[in-house]
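Notes for the one structure printed next.
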Amino acid sequence: MNIILLSGGSGKRLWPLSNDIRSKQFIKIFKDENGEYESMVQRVYRQIRAVDPEAVVTIATSKTQISSIHNQIGEDVGISIEPCRRDTFPAIALATAYLHDIQGVPGDEPVVVCPVDPYVEEDYFLALKKLGEQAAKGEANLVLMGIEPTYPSEKYGYILPDSPEQTSTVNTFREKPDRETAQRYIERGALWNGGVFAYQLQYVLDKAHELIDFEDYEDLFARYDTVKKISFDYAVAEQEDKIQVQRFAGQWKDLGTWNTLTEAMEEHVVGQAMLNETCENVHVINELNVPVVCMGLKDMVVSASSEGILVSDKEQSSYIKPYVDQIDQQIMFAEKSWGNFQVMDVEEKSLTIKITLNPGNRMNYHSHVLRDEVWNIISGEGTAIVDGMEQPVKTGDVVTMQAGCRHTLIAKTELKVIEVQLGEEISVHDKQKFELEY
């Protein structure tokens with residue numbers, strides 16, 4: 001199975017756990033079979049591998065998410081990088097060209113596209129395999145997954161099939177309706193459009209060439225910022241006559257808000273928190289190393305992270321985005337391919353960060369023009385390289401770098417470091433990367 005996972009969005013509806021770098025799919029709040037916390041992307045990737053160990057998985061995403069992807073699911077996954085956001089049709093076109101030109105997938109092979117963040121069980125991925133198998137038959141150019149609706153939702157578009165059979169031709173699409181209209185659609189046998197579909201690779205590649213002027217993957221990547229923003233539904237699905245839908249009646253949840261996310265949580269508390277006996281339907285997710293105490297709350301979500309603190313009625317939490325849009329601050333926590341960092345203190349001429357490097361990993365070899373840096377090793381063992389000079393480091397060691405010095409850290413064990421940045425101007429853009437000399 002060739003599967004494209006769409007991983008986009010800025011994640012503002014799940015603030016303060018998500019931000020422009022750390023979208024909702026990277027938040028670790030679900031437990032795996034070993035009782036360890038995992039994120040949506042880890043859960044989906046694990047489920048795909050359980051159903052089809054040989055699946056070719058490609059994640060279509062922005063550059064800002066690459067480090068989180070590698071950190072959470074490793075290097076053994078294809079990544080189609082979107083240079084900028086251009087909606088779902090350009091993203092799928094680019095990923096399809098990537099599969100064909102870079103991964104060497106033939107034009108007659110089926111490709112399945114789905115979001116990276118649904119809350120589903122294994123039957124969903126078995127349904128994805130069937131979707132791909134149906135596309136391989138060539139009876140239709142597109143095969144959609146139609147999700148059996150459980151209530152008249154205003155959040156989804158609707159697919160009206162021609163028949164009640166498991167696989168049917170599509171009569172028409174309907175945009176997101178009001179609740180009363182959604183109820184009428186459901187009475188007519190309509191299915192939710194969850195943005196899941198399959199096609200033979202050449203079909204979308206041809207559509208891409210028809211609607212976008214480009215030669216191959218490299219050329220499309222280079223001119224991606226000039227491509228018109230348009231969804232796949234508008235550009236392709238709603239224009240296609242030869243189209244089928246397959247029904248899916250298993251569990252499927254779109255965890256796009258705090259309200260829906262907490263419905264899928266196995267525990268009411270993640271992190272340090274206490275709820276007294278009068279609390280009802282309260283969920284707390286606390287990433288800070290301080291206790292949270294809740295007294296007499298009902299139907300509430302409390303979330304605390306380096307980015308801020310949210311205390312909200314669950315229903316009202318759906319309307320958080322315009323308020324978060326008004327917040328202007330630097331990213332306080334981010335996952336990197338080598339580990340993560342958390343900003344601890346911000347002053348006019350200094351920045352203090354806690355860095356965690358995973359065993360066997362290292363930072364980029366880099367330098368800064370406008371700031372000095374000091375590393376205080378608080379736990380673990382590793383190697384520091386400063387201007388080509390290598391030295392072992394361990395708990396209690398201090399390494400100082402003047403502006404202009406090239407430097408990196410290599411972790412032997414898990415390595416935790418307090419980094420102090422000092423300078424007249426401290427900016428994420430003040431960084432130049434180099435190759436190590438050996």
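Lettering and numbering for the structure tokens are positional, with chains as A, B, ... in the shown order, residues counted from 1 in each chain, and ligands counted from 1 in the shown order.
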
Spatial neighbours of Gly132 of chain A, 9 Å, only C-alpha atoms, chain gap at least 5 places, as number ranges by chain | A: 1-2, 109-112, 127, 137, 143, 197-200

Quick one: which segment 163-264 of chain A residues come within 6 Å of segment 84-99 of chain A, and what is the nearest atom pair for each with the distance in Å to one decimal, counting only C-alpha atoms, rows ordered by chain and ascending number, as JSON lines?
{"residue": "A:Ala208", "atom": "CA", "partner": "A:Ala93", "partner_atom": "CA", "distance": 5.7}
{"residue": "A:Tyr217", "atom": "CA", "partner": "A:Ala97", "partner_atom": "CA", "distance": 5.1}
{"residue": "A:Lys229", "atom": "CA", "partner": "A:Arg86", "partner_atom": "CA", "distance": 4.6}
{"residue": "A:Ile230", "atom": "CA", "partner": "A:Asp87", "partner_atom": "CA", "distance": 5.5}
{"residue": "A:Ser231", "atom": "CA", "partner": "A:Thr88", "partner_atom": "CA", "distance": 4.8}
{"residue": "A:Phe232", "atom": "CA", "partner": "A:Phe89", "partner_atom": "CA", "distance": 4.1}

Can you tell me, as an mmCIF file with N, CA, C and O atoms, in the first residue's frame, which residues in segment 106-342 of chain A count as alpha helix (DSSP H) by DSSP?
data_model
loop_
_atom_site.group_PDB
_atom_site.id
_atom_site.type_symbol
_atom_site.label_atom_id
_atom_site.label_comp_id
_atom_site.auth_asym_id
_atom_site.auth_seq_id
_atom_site.Cartn_x
_atom_site.Cartn_y
_atom_site.Cartn_z
ATOM 1 N N GLU A 122 -7.902 -0.338 14.201
ATOM 2 C CA GLU A 122 -7.242 -1.069 13.117
ATOM 3 C C GLU A 122 -8.157 -1.284 11.916
ATOM 4 O O GLU A 122 -7.690 -1.354 10.772
ATOM 5 N N ASP A 123 -9.482 -1.382 12.140
ATOM 6 C CA ASP A 123 -10.387 -1.623 11.023
ATOM 7 C C ASP A 123 -10.354 -0.490 9.998
ATOM 8 O O ASP A 123 -10.631 -0.694 8.814
ATOM 9 N N TYR A 124 -10.005 0.700 10.442
ATOM 10 C CA TYR A 124 -9.887 1.849 9.533
ATOM 11 C C TYR A 124 -8.785 1.599 8.503
ATOM 12 O O TYR A 124 -8.947 1.885 7.306
ATOM 13 N N PHE A 125 -7.666 1.038 8.947
ATOM 14 C CA PHE A 125 -6.537 0.814 8.035
ATOM 15 C C PHE A 125 -6.765 -0.396 7.145
ATOM 16 O O PHE A 125 -6.266 -0.443 6.015
ATOM 17 N N LEU A 126 -7.554 -1.355 7.635
ATOM 18 C CA LEU A 126 -7.988 -2.429 6.747
ATOM 19 C C LEU A 126 -8.888 -1.863 5.652
ATOM 20 O O LEU A 126 -8.818 -2.280 4.487
ATOM 21 N N ALA A 127 -9.723 -0.876 6.021
ATOM 22 C CA ALA A 127 -10.589 -0.212 5.034
ATOM 23 C C ALA A 127 -9.750 0.575 4.024
ATOM 24 O O ALA A 127 -10.099 0.652 2.841
ATOM 25 N N LEU A 128 -8.635 1.162 4.485
ATOM 26 C CA LEU A 128 -7.751 1.880 3.559
ATOM 27 C C LEU A 128 -7.174 0.917 2.519
ATOM 28 O O LEU A 128 -7.050 1.264 1.336
ATOM 29 N N LYS A 129 -6.799 -0.294 2.963
ATOM 30 C CA LYS A 129 -6.279 -1.288 2.014
ATOM 31 C C LYS A 129 -7.332 -1.629 0.955
ATOM 32 O O LYS A 129 -7.036 -1.727 -0.232
ATOM 33 N N LYS A 130 -8.579 -1.808 1.414
ATOM 34 C CA LYS A 130 -9.666 -2.124 0.477
ATOM 35 C C LYS A 130 -9.908 -0.953 -0.479
ATOM 36 O O LYS A 130 -10.233 -1.158 -1.655
ATOM 37 N N LEU A 131 -9.740 0.269 0.038
ATOM 38 C CA LEU A 131 -9.897 1.448 -0.800
ATOM 39 C C LEU A 131 -8.871 1.431 -1.931
ATOM 40 O O LEU A 131 -9.190 1.694 -3.097
ATOM 41 N N GLY A 132 -7.615 1.112 -1.579
ATOM 42 C CA GLY A 132 -6.559 1.018 -2.583
ATOM 43 C C GLY A 132 -6.808 -0.104 -3.572
ATOM 44 O O GLY A 132 -6.557 0.050 -4.780
ATOM 45 N N GLU A 133 -7.295 -1.242 -3.067
ATOM 46 C CA GLU A 133 -7.590 -2.376 -3.959
ATOM 47 C C GLU A 133 -8.698 -2.029 -4.942
ATOM 48 O O GLU A 133 -8.656 -2.438 -6.111
ATOM 49 N N GLN A 134 -9.691 -1.260 -4.480
ATOM 50 C CA GLN A 134 -10.773 -0.838 -5.368
ATOM 51 C C GLN A 134 -10.243 0.120 -6.439
ATOM 52 O O GLN A 134 -10.620 0.038 -7.605
ATOM 53 N N ALA A 135 -9.367 1.040 -6.035
ATOM 54 C CA ALA A 135 -8.774 1.974 -7.007
ATOM 55 C C ALA A 135 -7.955 1.231 -8.050
ATOM 56 O O ALA A 135 -7.921 1.621 -9.226
ATOM 57 N N ALA A 136 -7.282 0.150 -7.633
ATOM 58 C CA ALA A 136 -6.446 -0.624 -8.559
ATOM 59 C C ALA A 136 -7.282 -1.284 -9.661
ATOM 60 O O ALA A 136 -6.765 -1.558 -10.755
ATOM 61 N N LYS A 137 -8.572 -1.535 -9.404
ATOM 62 C CA LYS A 137 -9.432 -2.167 -10.415
ATOM 63 C C LYS A 137 -9.671 -1.256 -11.618
ATOM 64 O O LYS A 137 -9.995 -1.733 -12.701
ATOM 65 N N ARG A 179 -27.265 22.347 10.753
ATOM 66 C CA ARG A 179 -27.650 21.093 11.391
ATOM 67 C C ARG A 179 -28.911 20.476 10.765
ATOM 68 O O ARG A 179 -28.963 19.268 10.529
ATOM 69 N N GLU A 180 -29.908 21.307 10.469
ATOM 70 C CA GLU A 180 -31.153 20.784 9.908
ATOM 71 C C GLU A 180 -30.919 20.187 8.527
ATOM 72 O O GLU A 180 -31.462 19.124 8.194
ATOM 73 N N THR A 181 -30.106 20.871 7.716
ATOM 74 C CA THR A 181 -29.803 20.362 6.376
ATOM 75 C C THR A 181 -28.998 19.070 6.466
ATOM 76 O O THR A 181 -29.227 18.120 5.704
ATOM 77 N N ALA A 182 -28.068 19.020 7.417
ATOM 78 C CA ALA A 182 -27.272 17.805 7.619
ATOM 79 C C ALA A 182 -28.165 16.622 7.965
ATOM 80 O O ALA A 182 -27.954 15.497 7.481
ATOM 81 N N GLN A 183 -29.191 16.866 8.771
ATOM 82 C CA GLN A 183 -30.122 15.801 9.130
ATOM 83 C C GLN A 183 -30.862 15.291 7.887
ATOM 84 O O GLN A 183 -31.047 14.072 7.719
ATOM 85 N N ARG A 184 -31.249 16.194 7.004
ATOM 86 C CA ARG A 184 -31.926 15.784 5.767
ATOM 87 C C ARG A 184 -30.987 14.960 4.884
ATOM 88 O O ARG A 184 -31.414 13.989 4.261
ATOM 89 N N TYR A 185 -29.715 15.360 4.818
ATOM 90 C CA TYR A 185 -28.742 14.592 4.037
ATOM 91 C C TYR A 185 -28.627 13.164 4.572
ATOM 92 O O TYR A 185 -28.602 12.193 3.815
ATOM 93 N N ILE A 186 -28.537 13.059 5.904
ATOM 94 C CA ILE A 186 -28.384 11.737 6.518
ATOM 95 C C ILE A 186 -29.609 10.874 6.224
ATOM 96 O O ILE A 186 -29.484 9.668 5.944
ATOM 97 N N GLU A 187 -30.783 11.457 6.246
ATOM 98 C CA GLU A 187 -32.016 10.717 5.934
ATOM 99 C C GLU A 187 -32.017 10.220 4.492
ATOM 100 O O GLU A 187 -32.664 9.218 4.175
ATOM 101 N N LEU A 201 -1.857 6.277 -9.338
ATOM 102 C CA LEU A 201 -0.935 7.417 -9.276
ATOM 103 C C LEU A 201 -0.989 8.293 -10.531
ATOM 104 O O LEU A 201 -0.994 9.521 -10.435
ATOM 105 N N GLN A 202 -1.045 7.675 -11.702
ATOM 106 C CA GLN A 202 -0.982 8.441 -12.945
ATOM 107 C C GLN A 202 -2.163 9.402 -13.080
ATOM 108 O O GLN A 202 -2.026 10.478 -13.691
ATOM 109 N N TYR A 203 -3.311 9.039 -12.500
ATOM 110 C CA TYR A 203 -4.493 9.893 -12.612
ATOM 111 C C TYR A 203 -4.234 11.268 -11.990
ATOM 112 O O TYR A 203 -4.476 12.298 -12.624
ATOM 113 N N VAL A 204 -3.759 11.295 -10.773
ATOM 114 C CA VAL A 204 -3.519 12.586 -10.130
ATOM 115 C C VAL A 204 -2.311 13.282 -10.738
ATOM 116 O O VAL A 204 -2.278 14.513 -10.842
ATOM 117 N N LEU A 205 -1.321 12.515 -11.181
ATOM 118 C CA LEU A 205 -0.176 13.133 -11.850
ATOM 119 C C LEU A 205 -0.635 13.855 -13.117
ATOM 120 O O LEU A 205 -0.196 14.983 -13.401
ATOM 121 N N ASP A 206 -1.532 13.225 -13.875
ATOM 122 C CA ASP A 206 -2.074 13.868 -15.081
ATOM 123 C C ASP A 206 -2.896 15.105 -14.721
ATOM 124 O O ASP A 206 -2.819 16.137 -15.407
ATOM 125 N N LYS A 207 -3.706 14.998 -13.663
ATOM 126 C CA LYS A 207 -4.489 16.153 -13.219
ATOM 127 C C LYS A 207 -3.582 17.301 -12.801
ATOM 128 O O LYS A 207 -3.857 18.479 -13.073
ATOM 129 N N ALA A 208 -2.489 16.971 -12.150
ATOM 130 C CA ALA A 208 -1.545 17.997 -11.719
ATOM 131 C C ALA A 208 -0.950 18.720 -12.915
ATOM 132 O O ALA A 208 -0.863 19.958 -12.937
ATOM 133 N N HIS A 209 -0.556 17.962 -13.947
ATOM 134 C CA HIS A 209 0.000 18.588 -15.157
ATOM 135 C C HIS A 209 -1.061 19.399 -15.905
ATOM 136 O O HIS A 209 -0.741 20.409 -16.545
ATOM 137 N N GLU A 210 -2.299 18.963 -15.806
ATOM 138 C CA GLU A 210 -3.391 19.676 -16.466
ATOM 139 C C GLU A 210 -3.642 21.034 -15.809
ATOM 140 O O GLU A 210 -3.927 22.025 -16.500
ATOM 141 N N LEU A 211 -3.520 21.102 -14.490
ATOM 142 C CA LEU A 211 -3.877 22.310 -13.747
ATOM 143 C C LEU A 211 -2.677 23.154 -13.318
ATOM 144 O O LEU A 211 -2.843 24.317 -12.945
ATOM 145 N N TYR A 217 8.925 16.575 -10.422
ATOM 146 C CA TYR A 217 8.873 16.896 -8.996
ATOM 147 C C TYR A 217 9.763 18.077 -8.645
ATOM 148 O O TYR A 217 9.335 19.006 -7.945
ATOM 149 N N GLU A 218 10.995 18.060 -9.106
ATOM 150 C CA GLU A 218 11.932 19.130 -8.770
ATOM 151 C C GLU A 218 11.429 20.485 -9.266
ATOM 152 O O GLU A 218 11.531 21.497 -8.571
ATOM 153 N N ASP A 219 10.856 20.493 -10.470
ATOM 154 C CA ASP A 219 10.344 21.745 -11.033
ATOM 155 C C ASP A 219 9.115 22.234 -10.252
ATOM 156 O O ASP A 219 8.975 23.422 -9.965
ATOM 157 N N LEU A 220 8.217 21.297 -9.870
ATOM 158 C CA LEU A 220 7.038 21.677 -9.099
ATOM 159 C C LEU A 220 7.451 22.216 -7.729
ATOM 160 O O LEU A 220 6.901 23.217 -7.251
ATOM 161 N N PHE A 221 8.433 21.588 -7.118
ATOM 162 C CA PHE A 221 8.931 22.051 -5.821
ATOM 163 C C PHE A 221 9.490 23.470 -5.939
ATOM 164 O O PHE A 221 9.235 24.330 -5.082
ATOM 165 N N ALA A 222 10.227 23.726 -7.005
ATOM 166 C CA ALA A 222 10.875 25.029 -7.182
ATOM 167 C C ALA A 222 9.875 26.162 -7.388
ATOM 168 O O ALA A 222 10.103 27.296 -6.956
ATOM 169 N N PHE A 232 -8.299 19.831 -2.798
ATOM 170 C CA PHE A 232 -8.431 18.688 -3.704
ATOM 171 C C PHE A 232 -9.891 18.474 -4.073
ATOM 172 O O PHE A 232 -10.198 18.120 -5.213
ATOM 173 N N ASP A 233 -10.799 18.701 -3.119
ATOM 174 C CA ASP A 233 -12.227 18.522 -3.408
ATOM 175 C C ASP A 233 -12.672 19.420 -4.555
ATOM 176 O O ASP A 233 -13.346 18.977 -5.486
ATOM 177 N N TYR A 234 -12.315 20.713 -4.480
ATOM 178 C CA TYR A 234 -12.719 21.655 -5.522
ATOM 179 C C TYR A 234 -12.016 21.376 -6.848
ATOM 180 O O TYR A 234 -12.636 21.414 -7.917
ATOM 181 N N ALA A 235 -10.705 21.124 -6.786
ATOM 182 C CA ALA A 235 -9.910 20.985 -8.013
ATOM 183 C C ALA A 235 -10.187 19.687 -8.750
ATOM 184 O O ALA A 235 -10.191 19.655 -9.983
ATOM 185 N N TRP A 258 -10.335 20.903 21.604
ATOM 186 C CA TRP A 258 -10.155 20.341 22.939
ATOM 187 C C TRP A 258 -11.336 19.460 23.323
ATOM 188 O O TRP A 258 -11.183 18.427 23.973
ATOM 189 N N ASN A 259 -12.518 19.862 22.929
ATOM 190 C CA ASN A 259 -13.714 19.108 23.288
ATOM 191 C C ASN A 259 -13.657 17.687 22.735
ATOM 192 O O ASN A 259 -13.867 16.700 23.446
ATOM 193 N N THR A 260 -13.357 17.553 21.441
ATOM 194 C CA THR A 260 -13.296 16.226 20.828
ATOM 195 C C THR A 260 -12.048 15.464 21.265
ATOM 196 O O THR A 260 -12.083 14.241 21.397
ATOM 197 N N LEU A 261 -10.964 16.176 21.511
ATOM 198 C CA LEU A 261 -9.728 15.506 21.936
ATOM 199 C C LEU A 261 -9.905 14.838 23.295
ATOM 200 O O LEU A 261 -9.504 13.685 23.498
ATOM 201 N N THR A 262 -10.526 15.539 24.228
ATOM 202 C CA THR A 262 -10.688 14.967 25.564
ATOM 203 C C THR A 262 -11.630 13.769 25.557
ATOM 204 O O THR A 262 -11.525 12.871 26.404
ATOM 205 N N GLU A 263 -12.530 13.708 24.581
ATOM 206 C CA GLU A 263 -13.425 12.552 24.472
ATOM 207 C C GLU A 263 -12.654 11.269 24.200
ATOM 208 O O GLU A 263 -13.089 10.177 24.563
ATOM 209 N N ALA A 264 -11.501 11.410 23.547
ATOM 210 C CA ALA A 264 -10.696 10.231 23.179
ATOM 211 C C ALA A 264 -9.631 9.894 24.216
ATOM 212 O O ALA A 264 -8.970 8.861 24.095
ATOM 213 N N LYS A 321 -9.358 29.981 18.623
ATOM 214 C CA LYS A 321 -8.393 30.414 17.615
ATOM 215 C C LYS A 321 -8.223 31.931 17.505
ATOM 216 O O LYS A 321 -7.082 32.423 17.494
ATOM 217 N N PRO A 322 -9.268 32.738 17.396
ATOM 218 C CA PRO A 322 -9.041 34.189 17.257
ATOM 219 C C PRO A 322 -8.326 34.807 18.451
ATOM 220 O O PRO A 322 -7.624 35.814 18.303
ATOM 221 N N TYR A 323 -8.460 34.210 19.607
ATOM 222 C CA TYR A 323 -7.754 34.729 20.791
ATOM 223 C C TYR A 323 -6.277 34.368 20.730
ATOM 224 O O TYR A 323 -5.404 35.182 21.040
ATOM 225 N N VAL A 324 -5.995 33.145 20.299
ATOM 226 C CA VAL A 324 -4.597 32.723 20.181
ATOM 227 C C VAL A 324 -3.897 33.512 19.077
ATOM 228 O O VAL A 324 -2.701 33.808 19.168
#

Atom CA of Tyr158 of chain A and atom CA of Glu175 of chain A, how far apart in Å?
->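 Distance between the two atoms: 6.5 Å.
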
Fewer than 2 positions away in the same chain doesn't count, so skip those; otherwise give me all residues within 10 Å of Glu148 of chain A, counting only C-alpha atoms, as a list of chain:residue names.
->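 Once the nearby chain positions are removed, what remains is A:Met145, A:Gly146, A:Thr150, A:Tyr151, A:Ile186, A:Gly189, A:Ala190, A:Leu191, A:Trp192, A:Asn193, A:Arg247, A:Phe248, A:Ala249, A:Gly250, A:Gln251, A:Trp252.
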
Take the residues just selected and output them with C-alpha atoms as a short mmCIF file (atom, residue, chain, number, x, y, z; two decimals), in the first residue's frame.
data_model
loop_
_atom_site.label_atom_id
_atom_site.label_comp_id
_atom_site.auth_asym_id
_atom_site.auth_seq_id
_atom_site.Cartn_x
_atom_site.Cartn_y
_atom_site.Cartn_z
CA MET A 145 -14.10 6.67 1.94
CA GLY A 146 -17.58 7.66 3.09
CA THR A 150 -23.31 9.29 13.85
CA TYR A 151 -25.02 12.68 14.18
CA ILE A 186 -28.38 11.74 6.52
CA GLY A 189 -28.23 8.14 3.02
CA ALA A 190 -25.41 10.69 2.88
CA LEU A 191 -21.95 9.90 4.28
CA TRP A 192 -19.38 12.15 5.91
CA ASN A 193 -16.52 13.21 3.67
CA ARG A 247 -18.68 2.94 3.27
CA PHE A 248 -16.84 2.86 6.59
CA ALA A 249 -18.87 2.26 9.75
CA GLY A 250 -16.03 1.87 12.28
CA GLN A 251 -14.82 4.34 14.90
CA TRP A 252 -13.63 7.62 13.42
#

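Distance check against Glu238 of chain A using only C-alpha atoms: of A:Val290, A:Val170, A:Val393, A:Leu415, the minimum falls on A:Val170.
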
Residues of segment 317-352 of chain A that approach segment 253-257 of chain A to 12 Å or less, counting only C-alpha atoms: could you list each one with the shortest pair of atoms and its distance in Å to one decimal, rows by chain and increasing residue number, as CSV?
residue,atom,partner,partner_atom,distance
A:Ser317,CA,A:Thr257,CA,7.1
A:Ser318,CA,A:Thr257,CA,5.6
A:Tyr319,CA,A:Thr257,CA,8.9
A:Ile320,CA,A:Thr257,CA,9.1
A:Lys321,CA,A:Thr257,CA,10.1

Could you please take those selected residues and save C-alpha atoms as an mmCIF file, in the first residue's frame?
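Below is the file that was written, out.cif:
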data_model
loop_
_atom_site.group_PDB
_atom_site.id
_atom_site.type_symbol
_atom_site.label_atom_id
_atom_site.label_comp_id
_atom_site.auth_asym_id
_atom_site.auth_seq_id
_atom_site.Cartn_x
_atom_site.Cartn_y
_atom_site.Cartn_z
ATOM 1 C CA SER A 317 -12.795 25.794 23.731
ATOM 2 C CA SER A 318 -13.847 25.396 20.081
ATOM 3 C CA TYR A 319 -13.703 29.194 19.721
ATOM 4 C CA ILE A 320 -10.123 29.664 20.929
ATOM 5 C CA LYS A 321 -8.393 30.414 17.615
#

Find the spatial neighbours of Gly382 of chain A, counting only C-alpha atoms, within a cut-off of 6 Å - ignore same-chain residues fewer than 3 positions away - and output them as a VMD selection string.
-> chain A and resid 392 to 393 410 to 412

Just the residues within 10 Å of Phe30 of chain A, please, counting only C-alpha atoms, with nothing from its chain fewer than 6 positions along; format it as a PyMOL selection string.
-> chain A and resi 36-40+42-43+264-267+270

Write out as a PyMOL selection string the residues lying within 9 Å of Asp241 of chain A, counting only C-alpha atoms and excluding same-chain residues fewer than 2 positions away.
-> chain A and resi 140-141+170+237-239+243

Expected file contents, prior selection, all heavy atoms, as a tab-separated table (two decimals), in the first residue's frame:
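Produced file result23.tsv, reproduced below:
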chain	number	residue	atom	x	y	z
A	140	ALA	N	-13.14	3.26	-11.32
A	140	ALA	CA	-13.34	4.70	-11.11
A	140	ALA	C	-11.97	5.37	-11.01
A	140	ALA	O	-10.97	4.73	-10.67
A	140	ALA	CB	-14.13	4.94	-9.83
A	141	ASN	N	-11.94	6.66	-11.32
A	141	ASN	CA	-10.69	7.41	-11.20
A	141	ASN	C	-10.38	7.78	-9.75
A	141	ASN	O	-9.22	7.92	-9.37
A	141	ASN	CB	-10.75	8.68	-12.05
A	141	ASN	CG	-10.66	8.38	-13.53
A	141	ASN	OD1	-9.99	7.44	-13.94
A	141	ASN	ND2	-11.38	9.15	-14.33
A	170	VAL	N	-20.93	7.78	-6.94
A	170	VAL	CA	-21.29	8.98	-6.19
A	170	VAL	C	-22.29	9.80	-6.98
A	170	VAL	O	-22.08	10.08	-8.17
A	170	VAL	CB	-20.04	9.83	-5.87
A	170	VAL	CG1	-20.43	11.18	-5.27
A	170	VAL	CG2	-19.13	9.07	-4.91
A	237	ALA	N	-12.10	16.30	-7.07
A	237	ALA	CA	-13.20	15.40	-6.71
A	237	ALA	C	-14.54	15.86	-7.25
A	237	ALA	O	-15.30	15.08	-7.84
A	237	ALA	CB	-13.27	15.24	-5.19
A	238	GLU	N	-14.84	17.16	-7.09
A	238	GLU	CA	-16.15	17.65	-7.51
A	238	GLU	C	-16.26	17.84	-9.03
A	238	GLU	O	-17.35	18.07	-9.54
A	238	GLU	CB	-16.46	18.96	-6.78
A	238	GLU	CG	-16.63	18.75	-5.28
A	238	GLU	CD	-16.95	20.02	-4.53
A	238	GLU	OE1	-17.25	21.03	-5.19
A	238	GLU	OE2	-16.89	20.01	-3.29
A	239	GLN	N	-15.13	17.71	-9.72
A	239	GLN	CA	-15.14	17.82	-11.19
A	239	GLN	C	-15.14	16.44	-11.85
A	239	GLN	O	-15.27	16.34	-13.08
A	239	GLN	CB	-13.92	18.60	-11.67
A	239	GLN	CG	-13.59	19.85	-10.88
A	239	GLN	CD	-14.74	20.84	-10.86
A	239	GLN	OE1	-15.42	21.03	-11.86
A	239	GLN	NE2	-14.95	21.48	-9.70
A	243	ILE	N	-16.39	8.32	-10.33
A	243	ILE	CA	-16.01	8.36	-8.92
A	243	ILE	C	-16.89	7.42	-8.11
A	243	ILE	O	-18.09	7.27	-8.38
A	243	ILE	CB	-16.11	9.81	-8.39
A	243	ILE	CG1	-15.53	9.94	-6.99
A	243	ILE	CG2	-17.51	10.33	-8.45
A	243	ILE	CD1	-15.33	11.39	-6.58

Shell of 6 Å around Ser367 of chain A, only C-alpha atoms, local chain residues under 6 positions omitted, as a ChimeraX atom specification = /A:404-406,431-432

Just to be explicit: take each residue in the selection above, keep N, CA, C and O atoms, and write the result as a compact mmCIF listing (two decimals), in the first residue's frame.
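Contents of result-v4.txt, as written:
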# COMPACT_ATOMS: atom_id res chain seq x y z
N GLY A 404 30.80 33.54 16.57
CA GLY A 404 31.63 33.15 15.44
C GLY A 404 32.19 31.75 15.56
O GLY A 404 32.61 31.16 14.55
N CYS A 405 32.23 31.18 16.76
CA CYS A 405 32.74 29.82 16.95
C CYS A 405 31.76 28.80 16.34
O CYS A 405 30.55 28.91 16.52
N ARG A 406 32.32 27.82 15.67
CA ARG A 406 31.51 26.71 15.18
C ARG A 406 31.42 25.67 16.29
O ARG A 406 32.44 25.34 16.91
N LYS A 431 22.02 32.10 12.60
CA LYS A 431 22.58 30.75 12.66
C LYS A 431 23.09 30.34 11.29
O LYS A 431 22.37 30.48 10.29
N GLN A 432 24.34 29.88 11.23
CA GLN A 432 24.91 29.38 9.99
C GLN A 432 25.37 27.95 10.21
O GLN A 432 26.08 27.65 11.18

Please, what distance in Å, to one decimal, runs between atom CA of Val44 of chain A and atom CA of Gly74 of chain A?
-> 13.9 Å

Step one, run DSSP on the backbone; step two, keep only residues of segment 260-341 of chain A assigned to strand (DSSP E); then write them as JSON, numbers by chain.
-> {"A": [269, 270, 273, 274, 275, 280, 281, 282, 283, 284, 285, 286, 292, 293, 294, 298, 299, 300, 301, 302, 303, 304, 305, 308, 309, 310, 311, 312, 313, 333, 334, 335, 336, 339, 340, 341]}

Using only C-alpha atoms, pick whichever of A:Val293, A:Ile285, A:Val369, A:Val417 has the shortest atom-to-atom distance to Met344 of chain A.
-> A:Val417

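Distances here use only C-alpha atoms; by that measure, the residue among A:Gly423, A:Gly308, A:Pro149, A:Gly138 closest to Gln244 of chain A is A:Gly138.
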